[in-house]
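K.L.:
Sharing a structure here in structure tokens format.
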Amino acid sequence: MTDIQLSVRDLQKTFYPGLFEASIEVLKGLSFEVARGEIFGFLGPNGAGKTTTIKAITEIISPDAGEITVCGLPHTSLEAKKRIGFMSESPYIYRHLTGREYLRFSGELLGLERSGLADRISGVLDQVGMAGRADRTMGTYSKGMLQRVALGQALLGEPELLILDEPMSGLDPVGRRDVRDIILNQAAAGVTVFFSTHIIPDVEMICDRVAIIVDGRVQAIGAVSELVSEEPTSYEATFVGVVPSDLRAPLEAHHVASGASWVRVTTENHDRLIQELGDRGAKVISLEPVRMTLEDLLMRHYEESGS
Amino acid sequence: MRAVRAIAANTFREAIRDRILYLFIGFAVVMVVSSKLFGMLTVGDETKIIKDIGLASMQFFSMLIAVMMSMILVSREVDSRTVFNILAKPVRRWQFILGKYLGLVLIVAANLVLITFVLMLTVLVVAGELDLMLLFAGAMTMLEMLVLAAFATFFAVLTRPILGSLMTLAVFVVGHMSADLWLLTRQLPGALTRAVIAVVYYLLPNLERFNFRTEVVHDLAIPGATVGWAVLYAFAFVIVVLFLANLRFRGKDLK
């Protein structure tokens, strides 16, 4: 048994929209690995290639080049697919089915034993908080309810690898918390969770590791704490008694409001600023270190890529 | 096969919960029952006219149901992206195609059973005659619909719904003009034109092979070999066309 549950190597995909339209290179040699039991966040702006990668893993599209393995098996094999629980970006469902019928249909596609299927469905409906509304047709469901049922069908086969495409997008705070709890519970039970998102707090809150994808390439990968340094990148000071234009220390940014001055300096100029403020008799109201956030990192890669 | 069965059952369930199906079936039943009216207004054997109009209605509405429902049920699955959740499961694309096709066949079969029953009942009431040959005609129409549904499935994965419907409709029309096409390949001037028409003739099914209306209405003998060949012909076309549909769908990127 391998400890790598999902391996994606040098994935490439170009779409050809039409005869007279330019081709779109969406994935440009994307590679990453997800280890067993991890909650792995796939973070990137819209159009970065997150959903295309997930579609390639789940065989909804065929990559032009590259290799994907799930639990050490080629991702196209039925054995690999049996181990995956997948929830697509928007809850694409059958309006004519009830939630329970939809789960039964999903169970049949998964090849689950008929004998225990009804109990399994009831268990999953409980888990996603839909037990009381499972016998209504899904055409009457709200988006949050659809999301829960869609998550239910992903959990139904007791997957080893849970692939969730934007699982929290469009949910209210309660729904987001519920989905987050389900993800955490699954991970606690040993399930590997791979989920794409552009919602940074979700990643910071629950992910063991994260890959930042911009313009079809992985730009950074690692634990959030590794990617985002604990060391401050700059300092922000608020003071009175001196105006920023009188300071000789190089300032990154500054402004004056209601008689108080605000400046930002790099860590290298921190000591010089403190010295100068002391020398000029300024009264320092606050001095705060500024650390790089995941959002800063994402924005930096986004800007560097020129997307 | 469990996945195929599940997809077929879901397709059938989706259709029977769709109002548009009942509209078609309603029209078909009204046409069959009102054939009595045509029989009264037309010179000739009233029973034969009822059978003739009834069988024509059966064929026409079955064709409409096959064309419309295949486009609705197959294209809807792709356009609404519900297919994503199917294909991400341990399901092969050919299983999806076969499941959709069989679901469609079930819908057409259910409709044909109903219309055949209504037609037999109408004939029984009007002429006091239980004509079992109407069952045979219904079965032959079903064979035709098997072929047409295969084409409809193929066009549904090949192109947009409206264009696919028109192409299936074209197969139905041209398929009933095969004899004329054959004549054209003999009589038209220009080798290229004749060659093009010959290609169309050989590529598209001759749906008249399944038309035993005249024989059933006029109680004519039907050679067993003709029926046997018609069955083989239908299944050969179904296999080839579904194979092509699978070939097209297998390499298709779904967006």
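The way I read the labels, and the way they are meant: chains A, B, ... in the order of the structure tokens, residue 1 as the first residue of every chain, and ligand 1 as the first ligand shown, with later ones counted on from there.
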What are the residues of chain A lining chain B at 6 Å or less? Count only C-alpha atoms, and put the answer as JSON, numbers by chain.
P.N.:
{"A": [58, 60, 61, 78, 81, 82, 92, 93, 109]}
K.L.:
Please dump the current selection as an mmCIF file, in the first residue's frame; keep all heavy atoms.
P.N.:
data_model
loop_
_atom_site.group_PDB
_atom_site.id
_atom_site.type_symbol
_atom_site.label_atom_id
_atom_site.label_comp_id
_atom_site.auth_asym_id
_atom_site.auth_seq_id
_atom_site.Cartn_x
_atom_site.Cartn_y
_atom_site.Cartn_z
ATOM 1 N N THR A 58 -10.944 12.847 -12.271
ATOM 2 C CA THR A 58 -12.171 12.042 -12.241
ATOM 3 C C THR A 58 -12.584 11.550 -13.635
ATOM 4 O O THR A 58 -13.682 11.041 -13.810
ATOM 5 C CB THR A 58 -13.330 12.856 -11.626
ATOM 6 O OG1 THR A 58 -13.376 14.123 -12.289
ATOM 7 C CG2 THR A 58 -13.135 13.076 -10.150
ATOM 8 N N ILE A 60 -13.431 13.079 -16.305
ATOM 9 C CA ILE A 60 -14.487 13.787 -17.030
ATOM 10 C C ILE A 60 -13.886 14.406 -18.292
ATOM 11 O O ILE A 60 -14.558 14.563 -19.305
ATOM 12 C CB ILE A 60 -15.146 14.834 -16.108
ATOM 13 C CG1 ILE A 60 -15.926 14.108 -15.004
ATOM 14 C CG2 ILE A 60 -16.062 15.772 -16.876
ATOM 15 C CD1 ILE A 60 -16.334 14.968 -13.847
ATOM 16 N N ILE A 61 -12.613 14.741 -18.217
ATOM 17 C CA ILE A 61 -11.867 15.130 -19.418
ATOM 18 C C ILE A 61 -10.596 14.276 -19.475
ATOM 19 O O ILE A 61 -10.170 13.723 -18.461
ATOM 20 C CB ILE A 61 -11.497 16.631 -19.430
ATOM 21 C CG1 ILE A 61 -10.598 16.981 -18.240
ATOM 22 C CG2 ILE A 61 -12.721 17.514 -19.446
ATOM 23 C CD1 ILE A 61 -9.933 18.326 -18.373
ATOM 24 N N LEU A 78 -11.284 1.087 -12.861
ATOM 25 C CA LEU A 78 -12.502 1.060 -12.039
ATOM 26 C C LEU A 78 -12.153 0.909 -10.562
ATOM 27 O O LEU A 78 -12.838 1.456 -9.698
ATOM 28 C CB LEU A 78 -13.423 -0.076 -12.488
ATOM 29 C CG LEU A 78 -14.049 0.067 -13.883
ATOM 30 C CD1 LEU A 78 -14.999 -1.080 -14.159
ATOM 31 C CD2 LEU A 78 -14.781 1.397 -14.040
ATOM 32 N N LYS A 81 -11.462 4.258 -9.276
ATOM 33 C CA LYS A 81 -12.680 5.068 -9.185
ATOM 34 C C LYS A 81 -13.571 4.652 -8.013
ATOM 35 O O LYS A 81 -14.301 5.476 -7.466
ATOM 36 C CB LYS A 81 -13.458 4.992 -10.497
ATOM 37 C CG LYS A 81 -12.747 5.737 -11.624
ATOM 38 C CD LYS A 81 -13.491 5.603 -12.910
ATOM 39 C CE LYS A 81 -13.713 6.957 -13.515
ATOM 40 N NZ LYS A 81 -14.630 6.929 -14.651
ATOM 41 N N LYS A 82 -13.485 3.369 -7.659
ATOM 42 C CA LYS A 82 -14.279 2.900 -6.512
ATOM 43 C C LYS A 82 -13.808 3.560 -5.220
ATOM 44 O O LYS A 82 -14.539 3.619 -4.247
ATOM 45 C CB LYS A 82 -14.142 1.378 -6.375
ATOM 46 C CG LYS A 82 -15.061 0.602 -7.285
ATOM 47 C CD LYS A 82 -14.854 -0.886 -7.107
ATOM 48 C CE LYS A 82 -15.634 -1.637 -8.178
ATOM 49 N NZ LYS A 82 -15.211 -3.031 -8.284
ATOM 50 N N TYR A 92 -24.798 19.494 -9.263
ATOM 51 C CA TYR A 92 -25.545 19.086 -10.453
ATOM 52 C C TYR A 92 -26.380 17.875 -10.086
ATOM 53 O O TYR A 92 -25.843 16.805 -9.819
ATOM 54 C CB TYR A 92 -24.587 18.745 -11.585
ATOM 55 C CG TYR A 92 -23.636 19.863 -11.929
ATOM 56 C CD1 TYR A 92 -22.273 19.675 -11.906
ATOM 57 C CD2 TYR A 92 -24.127 21.125 -12.256
ATOM 58 C CE1 TYR A 92 -21.407 20.706 -12.219
ATOM 59 C CE2 TYR A 92 -23.267 22.163 -12.562
ATOM 60 C CZ TYR A 92 -21.907 21.946 -12.537
ATOM 61 O OH TYR A 92 -21.051 22.968 -12.841
ATOM 62 N N ILE A 93 -27.662 18.052 -10.047
ATOM 63 C CA ILE A 93 -28.526 16.981 -9.547
ATOM 64 C C ILE A 93 -29.719 16.756 -10.477
ATOM 65 O O ILE A 93 -29.946 17.528 -11.400
ATOM 66 C CB ILE A 93 -29.058 17.305 -8.134
ATOM 67 C CG1 ILE A 93 -29.586 18.742 -8.083
ATOM 68 C CG2 ILE A 93 -28.008 17.123 -7.074
ATOM 69 C CD1 ILE A 93 -30.979 18.942 -8.466
ATOM 70 N N LEU A 109 -24.705 2.851 -8.866
ATOM 71 C CA LEU A 109 -23.574 3.121 -9.759
ATOM 72 C C LEU A 109 -22.258 2.711 -9.104
ATOM 73 O O LEU A 109 -21.326 2.265 -9.776
ATOM 74 C CB LEU A 109 -23.513 4.611 -10.123
ATOM 75 C CG LEU A 109 -24.668 5.157 -10.958
ATOM 76 C CD1 LEU A 109 -24.495 6.645 -11.190
ATOM 77 C CD2 LEU A 109 -24.773 4.437 -12.294
#
K.L.:
Hey, what's within 10 Å of segment 272-277 of chain A if we count only C-alpha atoms and toss same-chain stuff fewer than 5 positions away? As a list in words, please?
P.N.:
Tyr235, Ala237, Phe239, Val240, Gly241, Val242, Asp246, Leu247, Arg248, Ala249, Pro250, Leu251, Val263, Arg264, Val265, Thr266, Thr267, Ala282, Lys283, Val284 and Leu287 of chain A
K.L.:
Would you put the residues from that selection into a file with all heavy atoms, as a compact mmCIF listing (two decimals), in the first residue's frame?
P.N.:
# COMPACT_ATOMS: atom_id res chain seq x y z
N TYR A 235 6.64 46.43 9.14
CA TYR A 235 6.04 46.95 10.40
C TYR A 235 5.19 48.15 10.06
O TYR A 235 5.52 48.92 9.14
CB TYR A 235 7.15 47.35 11.38
CG TYR A 235 7.79 46.15 12.04
CD1 TYR A 235 8.87 45.51 11.45
CD2 TYR A 235 7.33 45.66 13.26
CE1 TYR A 235 9.47 44.41 12.04
CE2 TYR A 235 7.93 44.57 13.87
CZ TYR A 235 8.99 43.94 13.25
OH TYR A 235 9.57 42.84 13.84
N ALA A 237 3.47 51.53 11.90
CA ALA A 237 3.53 52.35 13.13
C ALA A 237 2.55 53.50 13.03
O ALA A 237 2.36 54.08 11.95
CB ALA A 237 4.94 52.87 13.33
N PHE A 239 1.69 57.14 15.08
CA PHE A 239 2.32 58.04 16.07
C PHE A 239 1.82 59.46 15.88
O PHE A 239 1.19 59.78 14.85
CB PHE A 239 3.85 57.98 15.94
CG PHE A 239 4.34 58.17 14.53
CD1 PHE A 239 4.53 59.43 13.99
CD2 PHE A 239 4.58 57.06 13.73
CE1 PHE A 239 4.96 59.59 12.68
CE2 PHE A 239 5.01 57.22 12.42
CZ PHE A 239 5.20 58.49 11.89
N VAL A 240 2.12 60.30 16.87
CA VAL A 240 1.80 61.74 16.78
C VAL A 240 3.07 62.52 17.12
O VAL A 240 4.01 61.98 17.72
CB VAL A 240 0.65 62.16 17.73
CG1 VAL A 240 -0.68 61.61 17.26
CG2 VAL A 240 0.93 61.73 19.16
N GLY A 241 3.10 63.78 16.70
CA GLY A 241 4.24 64.63 17.03
C GLY A 241 5.21 64.80 15.87
O GLY A 241 6.02 65.73 15.87
N VAL A 242 5.16 63.93 14.93
CA VAL A 242 6.05 64.01 13.75
C VAL A 242 5.22 63.65 12.52
O VAL A 242 4.35 62.78 12.61
CB VAL A 242 7.23 63.01 13.87
CG1 VAL A 242 8.13 63.08 12.63
CG2 VAL A 242 8.06 63.28 15.12
N ASP A 246 8.82 64.29 7.40
CA ASP A 246 10.02 64.69 8.12
C ASP A 246 10.97 63.52 8.39
O ASP A 246 12.10 63.72 8.83
CB ASP A 246 9.64 65.32 9.48
CG ASP A 246 8.98 66.68 9.28
OD1 ASP A 246 9.14 67.24 8.17
OD2 ASP A 246 8.29 67.15 10.20
N LEU A 247 10.48 62.31 8.17
CA LEU A 247 11.29 61.13 8.50
C LEU A 247 12.27 60.82 7.36
O LEU A 247 11.93 60.98 6.18
CB LEU A 247 10.38 59.91 8.74
CG LEU A 247 9.43 60.02 9.95
CD1 LEU A 247 8.43 58.86 9.95
CD2 LEU A 247 10.23 60.03 11.26
N ARG A 248 13.47 60.37 7.74
CA ARG A 248 14.46 60.02 6.71
C ARG A 248 14.48 58.51 6.44
O ARG A 248 15.02 58.06 5.45
CB ARG A 248 15.84 60.52 7.14
CG ARG A 248 16.04 61.98 6.74
CD ARG A 248 17.36 62.51 7.20
NE ARG A 248 17.39 62.61 8.66
CZ ARG A 248 18.47 62.91 9.36
NH1 ARG A 248 19.61 63.14 8.76
NH2 ARG A 248 18.43 63.01 10.68
N ALA A 249 13.88 57.74 7.34
CA ALA A 249 13.81 56.29 7.11
C ALA A 249 12.93 56.01 5.88
O ALA A 249 11.88 56.64 5.74
CB ALA A 249 13.19 55.60 8.33
N PRO A 250 13.38 55.09 4.96
CA PRO A 250 12.56 54.80 3.76
C PRO A 250 11.21 54.19 4.15
O PRO A 250 11.18 53.24 4.92
CB PRO A 250 13.41 53.79 2.99
CG PRO A 250 14.77 53.83 3.59
CD PRO A 250 14.62 54.28 5.01
N LEU A 251 10.15 54.81 3.65
CA LEU A 251 8.79 54.34 4.00
C LEU A 251 8.19 53.60 2.81
O LEU A 251 8.33 54.01 1.67
CB LEU A 251 7.91 55.54 4.35
CG LEU A 251 8.43 56.46 5.46
CD1 LEU A 251 7.47 57.65 5.64
CD2 LEU A 251 8.59 55.71 6.77
N VAL A 263 2.68 54.91 9.18
CA VAL A 263 3.71 54.55 8.19
C VAL A 263 3.93 53.05 8.19
O VAL A 263 3.64 52.36 9.18
CB VAL A 263 5.08 55.25 8.48
CG1 VAL A 263 4.97 56.76 8.41
CG2 VAL A 263 5.66 54.80 9.82
N ARG A 264 4.43 52.55 7.04
CA ARG A 264 4.83 51.14 6.98
C ARG A 264 6.28 51.10 6.46
O ARG A 264 6.59 51.77 5.46
CB ARG A 264 3.93 50.33 6.05
CG ARG A 264 4.21 48.84 6.16
CD ARG A 264 3.21 47.99 5.40
NE ARG A 264 3.36 48.17 3.97
CZ ARG A 264 2.34 48.25 3.11
NH1 ARG A 264 1.11 48.21 3.55
NH2 ARG A 264 2.55 48.40 1.82
N VAL A 265 7.10 50.32 7.17
CA VAL A 265 8.50 50.18 6.76
C VAL A 265 8.85 48.70 6.68
O VAL A 265 8.19 47.86 7.31
CB VAL A 265 9.46 50.86 7.78
CG1 VAL A 265 9.31 52.36 7.78
CG2 VAL A 265 9.28 50.29 9.18
N THR A 266 9.88 48.40 5.92
CA THR A 266 10.33 47.00 5.82
C THR A 266 11.01 46.62 7.14
O THR A 266 11.37 47.50 7.94
CB THR A 266 11.34 46.83 4.67
OG1 THR A 266 12.46 47.66 4.94
CG2 THR A 266 10.73 47.19 3.33
N THR A 267 11.20 45.32 7.34
CA THR A 267 11.82 44.86 8.60
C THR A 267 13.23 45.44 8.75
O THR A 267 13.68 45.72 9.87
CB THR A 267 11.90 43.32 8.64
OG1 THR A 267 12.41 42.87 7.39
CG2 THR A 267 10.55 42.70 8.87
N ALA A 282 8.58 61.81 19.01
CA ALA A 282 7.23 61.39 18.61
C ALA A 282 6.63 60.48 19.67
O ALA A 282 7.35 59.77 20.37
CB ALA A 282 7.30 60.65 17.28
N LYS A 283 5.29 60.54 19.80
CA LYS A 283 4.62 59.64 20.72
C LYS A 283 4.03 58.47 19.90
O LYS A 283 3.13 58.68 19.08
CB LYS A 283 3.51 60.39 21.45
CG LYS A 283 2.84 59.55 22.52
CD LYS A 283 1.71 60.31 23.18
CE LYS A 283 0.97 59.38 24.14
NZ LYS A 283 -0.28 59.98 24.56
N VAL A 284 4.61 57.29 20.11
CA VAL A 284 4.19 56.12 19.33
C VAL A 284 2.91 55.54 19.94
O VAL A 284 2.88 55.20 21.12
CB VAL A 284 5.30 55.05 19.28
CG1 VAL A 284 4.81 53.80 18.52
CG2 VAL A 284 6.55 55.62 18.64
N LEU A 287 2.76 49.96 17.27
CA LEU A 287 3.80 49.45 16.36
C LEU A 287 3.51 47.96 16.16
O LEU A 287 3.64 47.16 17.08
CB LEU A 287 5.19 49.64 16.97
CG LEU A 287 6.36 49.14 16.12
CD1 LEU A 287 6.47 49.94 14.82
CD2 LEU A 287 7.66 49.24 16.90
K.L.:
Within 6 Å of segment 166-181 of chain A, counting only C-alpha atoms, which residues qualify if same-chain residues fewer than 5 places away don't, as a list of chain:residue names?
P.N.:
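Answer for this query is A:Glu89, A:Gly144, A:Ser196, A:Thr197.
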K.L.:
Check segment 76-228 of chain B with DSSP on the backbone and list each residue it calls helix (DSSP H, G or I), as a PyMOL selection string.
P.N.:
chain B and resi 76-79+82-87+93-127+133-158+161-175+178-187+191-203+207-210+213-217+224-228
K.L.:
Neighbours of segment 33-48 of chain A within 6 Å (only C-alpha atoms; same-chain residues fewer than 2 positions away dropped), as a PyMOL selection string?
P.N.:
chain A and resi 3-7+50+187+190-198+203+207-216
K.L.:
Keeping N, CA and C atoms, export the residues of the selection given above as a PDB file, in the first residue's frame.
P.N.:
ATOM      1  N   ASP A   3       1.666   5.320   0.423  1.00  0.00           N
ATOM      2  CA  ASP A   3       1.195   6.398   1.284  1.00  0.00           C
ATOM      3  C   ASP A   3       0.732   7.595   0.486  1.00  0.00           C
ATOM      4  N   ILE A   4       1.010   7.543  -0.817  1.00  0.00           N
ATOM      5  CA  ILE A   4       0.538   8.624  -1.687  1.00  0.00           C
ATOM      6  C   ILE A   4      -0.834   8.216  -2.234  1.00  0.00           C
ATOM      7  N   GLN A   5      -1.840   8.965  -1.858  1.00  0.00           N
ATOM      8  CA  GLN A   5      -3.200   8.620  -2.289  1.00  0.00           C
ATOM      9  C   GLN A   5      -3.526   9.213  -3.655  1.00  0.00           C
ATOM     10  N   LEU A   6      -2.926  10.344  -3.930  1.00  0.00           N
ATOM     11  CA  LEU A   6      -3.177  10.985  -5.224  1.00  0.00           C
ATOM     12  C   LEU A   6      -1.865  11.557  -5.749  1.00  0.00           C
ATOM     13  N   SER A   7      -1.528  11.150  -6.948  1.00  0.00           N
ATOM     14  CA  SER A   7      -0.307  11.670  -7.556  1.00  0.00           C
ATOM     15  C   SER A   7      -0.646  12.213  -8.938  1.00  0.00           C
ATOM     16  N   LYS A  50      -8.099  24.784 -11.544  1.00  0.00           N
ATOM     17  CA  LYS A  50      -8.451  23.881 -10.439  1.00  0.00           C
ATOM     18  C   LYS A  50      -9.489  22.845 -10.893  1.00  0.00           C
ATOM     19  N   ALA A 187     -11.460  13.248   7.659  1.00  0.00           N
ATOM     20  CA  ALA A 187     -10.001  13.173   7.790  1.00  0.00           C
ATOM     21  C   ALA A 187      -9.628  12.430   9.074  1.00  0.00           C
ATOM     22  N   GLY A 190      -9.515   8.885   8.699  1.00  0.00           N
ATOM     23  CA  GLY A 190      -8.457   8.349   7.817  1.00  0.00           C
ATOM     24  C   GLY A 190      -8.664   8.593   6.346  1.00  0.00           C
ATOM     25  N   VAL A 191      -9.730   9.326   5.997  1.00  0.00           N
ATOM     26  CA  VAL A 191      -9.993   9.608   4.584  1.00  0.00           C
ATOM     27  C   VAL A 191      -9.110  10.770   4.129  1.00  0.00           C
ATOM     28  N   THR A 192      -8.566  10.642   2.936  1.00  0.00           N
ATOM     29  CA  THR A 192      -7.778  11.730   2.361  1.00  0.00           C
ATOM     30  C   THR A 192      -8.746  12.704   1.690  1.00  0.00           C
ATOM     31  N   VAL A 193      -8.580  13.969   1.976  1.00  0.00           N
ATOM     32  CA  VAL A 193      -9.510  14.958   1.404  1.00  0.00           C
ATOM     33  C   VAL A 193      -8.729  15.928   0.517  1.00  0.00           C
ATOM     34  N   PHE A 194      -9.162  16.011  -0.715  1.00  0.00           N
ATOM     35  CA  PHE A 194      -8.551  16.942  -1.672  1.00  0.00           C
ATOM     36  C   PHE A 194      -9.653  17.907  -2.086  1.00  0.00           C
ATOM     37  N   PHE A 195      -9.489  19.172  -1.762  1.00  0.00           N
ATOM     38  CA  PHE A 195     -10.561  20.075  -2.164  1.00  0.00           C
ATOM     39  C   PHE A 195     -10.034  21.376  -2.738  1.00  0.00           C
ATOM     40  N   SER A 196     -10.731  21.827  -3.755  1.00  0.00           N
ATOM     41  CA  SER A 196     -10.334  23.081  -4.401  1.00  0.00           C
ATOM     42  C   SER A 196     -11.178  24.205  -3.827  1.00  0.00           C
ATOM     43  N   THR A 197     -10.596  25.359  -3.790  1.00  0.00           N
ATOM     44  CA  THR A 197     -11.330  26.514  -3.274  1.00  0.00           C
ATOM     45  C   THR A 197     -10.624  27.806  -3.665  1.00  0.00           C
ATOM     46  N   HIS A 198     -11.357  28.885  -3.605  1.00  0.00           N
ATOM     47  CA  HIS A 198     -10.679  30.176  -3.689  1.00  0.00           C
ATOM     48  C   HIS A 198     -10.977  30.969  -2.412  1.00  0.00           C
ATOM     49  N   VAL A 203      -9.050  27.295   3.750  1.00  0.00           N
ATOM     50  CA  VAL A 203      -7.760  26.609   3.636  1.00  0.00           C
ATOM     51  C   VAL A 203      -6.988  26.760   4.941  1.00  0.00           C
ATOM     52  N   CYS A 207      -6.760  22.945   6.342  1.00  0.00           N
ATOM     53  CA  CYS A 207      -5.838  22.175   5.486  1.00  0.00           C
ATOM     54  C   CYS A 207      -4.526  21.832   6.172  1.00  0.00           C
ATOM     55  N   ASP A 208      -4.076  20.588   5.946  1.00  0.00           N
ATOM     56  CA  ASP A 208      -2.734  20.208   6.386  1.00  0.00           C
ATOM     57  C   ASP A 208      -1.708  20.793   5.429  1.00  0.00           C
ATOM     58  N   ARG A 209      -2.018  20.669   4.147  1.00  0.00           N
ATOM     59  CA  ARG A 209      -1.120  21.225   3.136  1.00  0.00           C
ATOM     60  C   ARG A 209      -1.938  21.918   2.074  1.00  0.00           C
ATOM     61  N   VAL A 210      -1.271  22.760   1.320  1.00  0.00           N
ATOM     62  CA  VAL A 210      -1.980  23.513   0.295  1.00  0.00           C
ATOM     63  C   VAL A 210      -1.083  23.658  -0.929  1.00  0.00           C
ATOM     64  N   ALA A 211      -1.710  23.631  -2.089  1.00  0.00           N
ATOM     65  CA  ALA A 211      -0.979  23.948  -3.324  1.00  0.00           C
ATOM     66  C   ALA A 211      -1.629  25.200  -3.895  1.00  0.00           C
ATOM     67  N   ILE A 212      -0.788  26.142  -4.267  1.00  0.00           N
ATOM     68  CA  ILE A 212      -1.317  27.352  -4.903  1.00  0.00           C
ATOM     69  C   ILE A 212      -1.136  27.185  -6.400  1.00  0.00           C
ATOM     70  N   ILE A 213      -2.235  27.237  -7.102  1.00  0.00           N
ATOM     71  CA  ILE A 213      -2.185  27.046  -8.552  1.00  0.00           C
ATOM     72  C   ILE A 213      -2.575  28.353  -9.222  1.00  0.00           C
ATOM     73  N   VAL A 214      -1.740  28.796 -10.109  1.00  0.00           N
ATOM     74  CA  VAL A 214      -2.016  30.009 -10.884  1.00  0.00           C
ATOM     75  C   VAL A 214      -1.591  29.717 -12.318  1.00  0.00           C
ATOM     76  N   ASP A 215      -2.459  30.058 -13.241  1.00  0.00           N
ATOM     77  CA  ASP A 215      -2.149  29.933 -14.661  1.00  0.00           C
ATOM     78  C   ASP A 215      -1.692  28.514 -15.040  1.00  0.00           C
ATOM     79  N   GLY A 216      -2.368  27.531 -14.496  1.00  0.00           N
ATOM     80  CA  GLY A 216      -2.125  26.151 -14.902  1.00  0.00           C
ATOM     81  C   GLY A 216      -0.886  25.501 -14.333  1.00  0.00           C
TER      82      GLY A 216
END
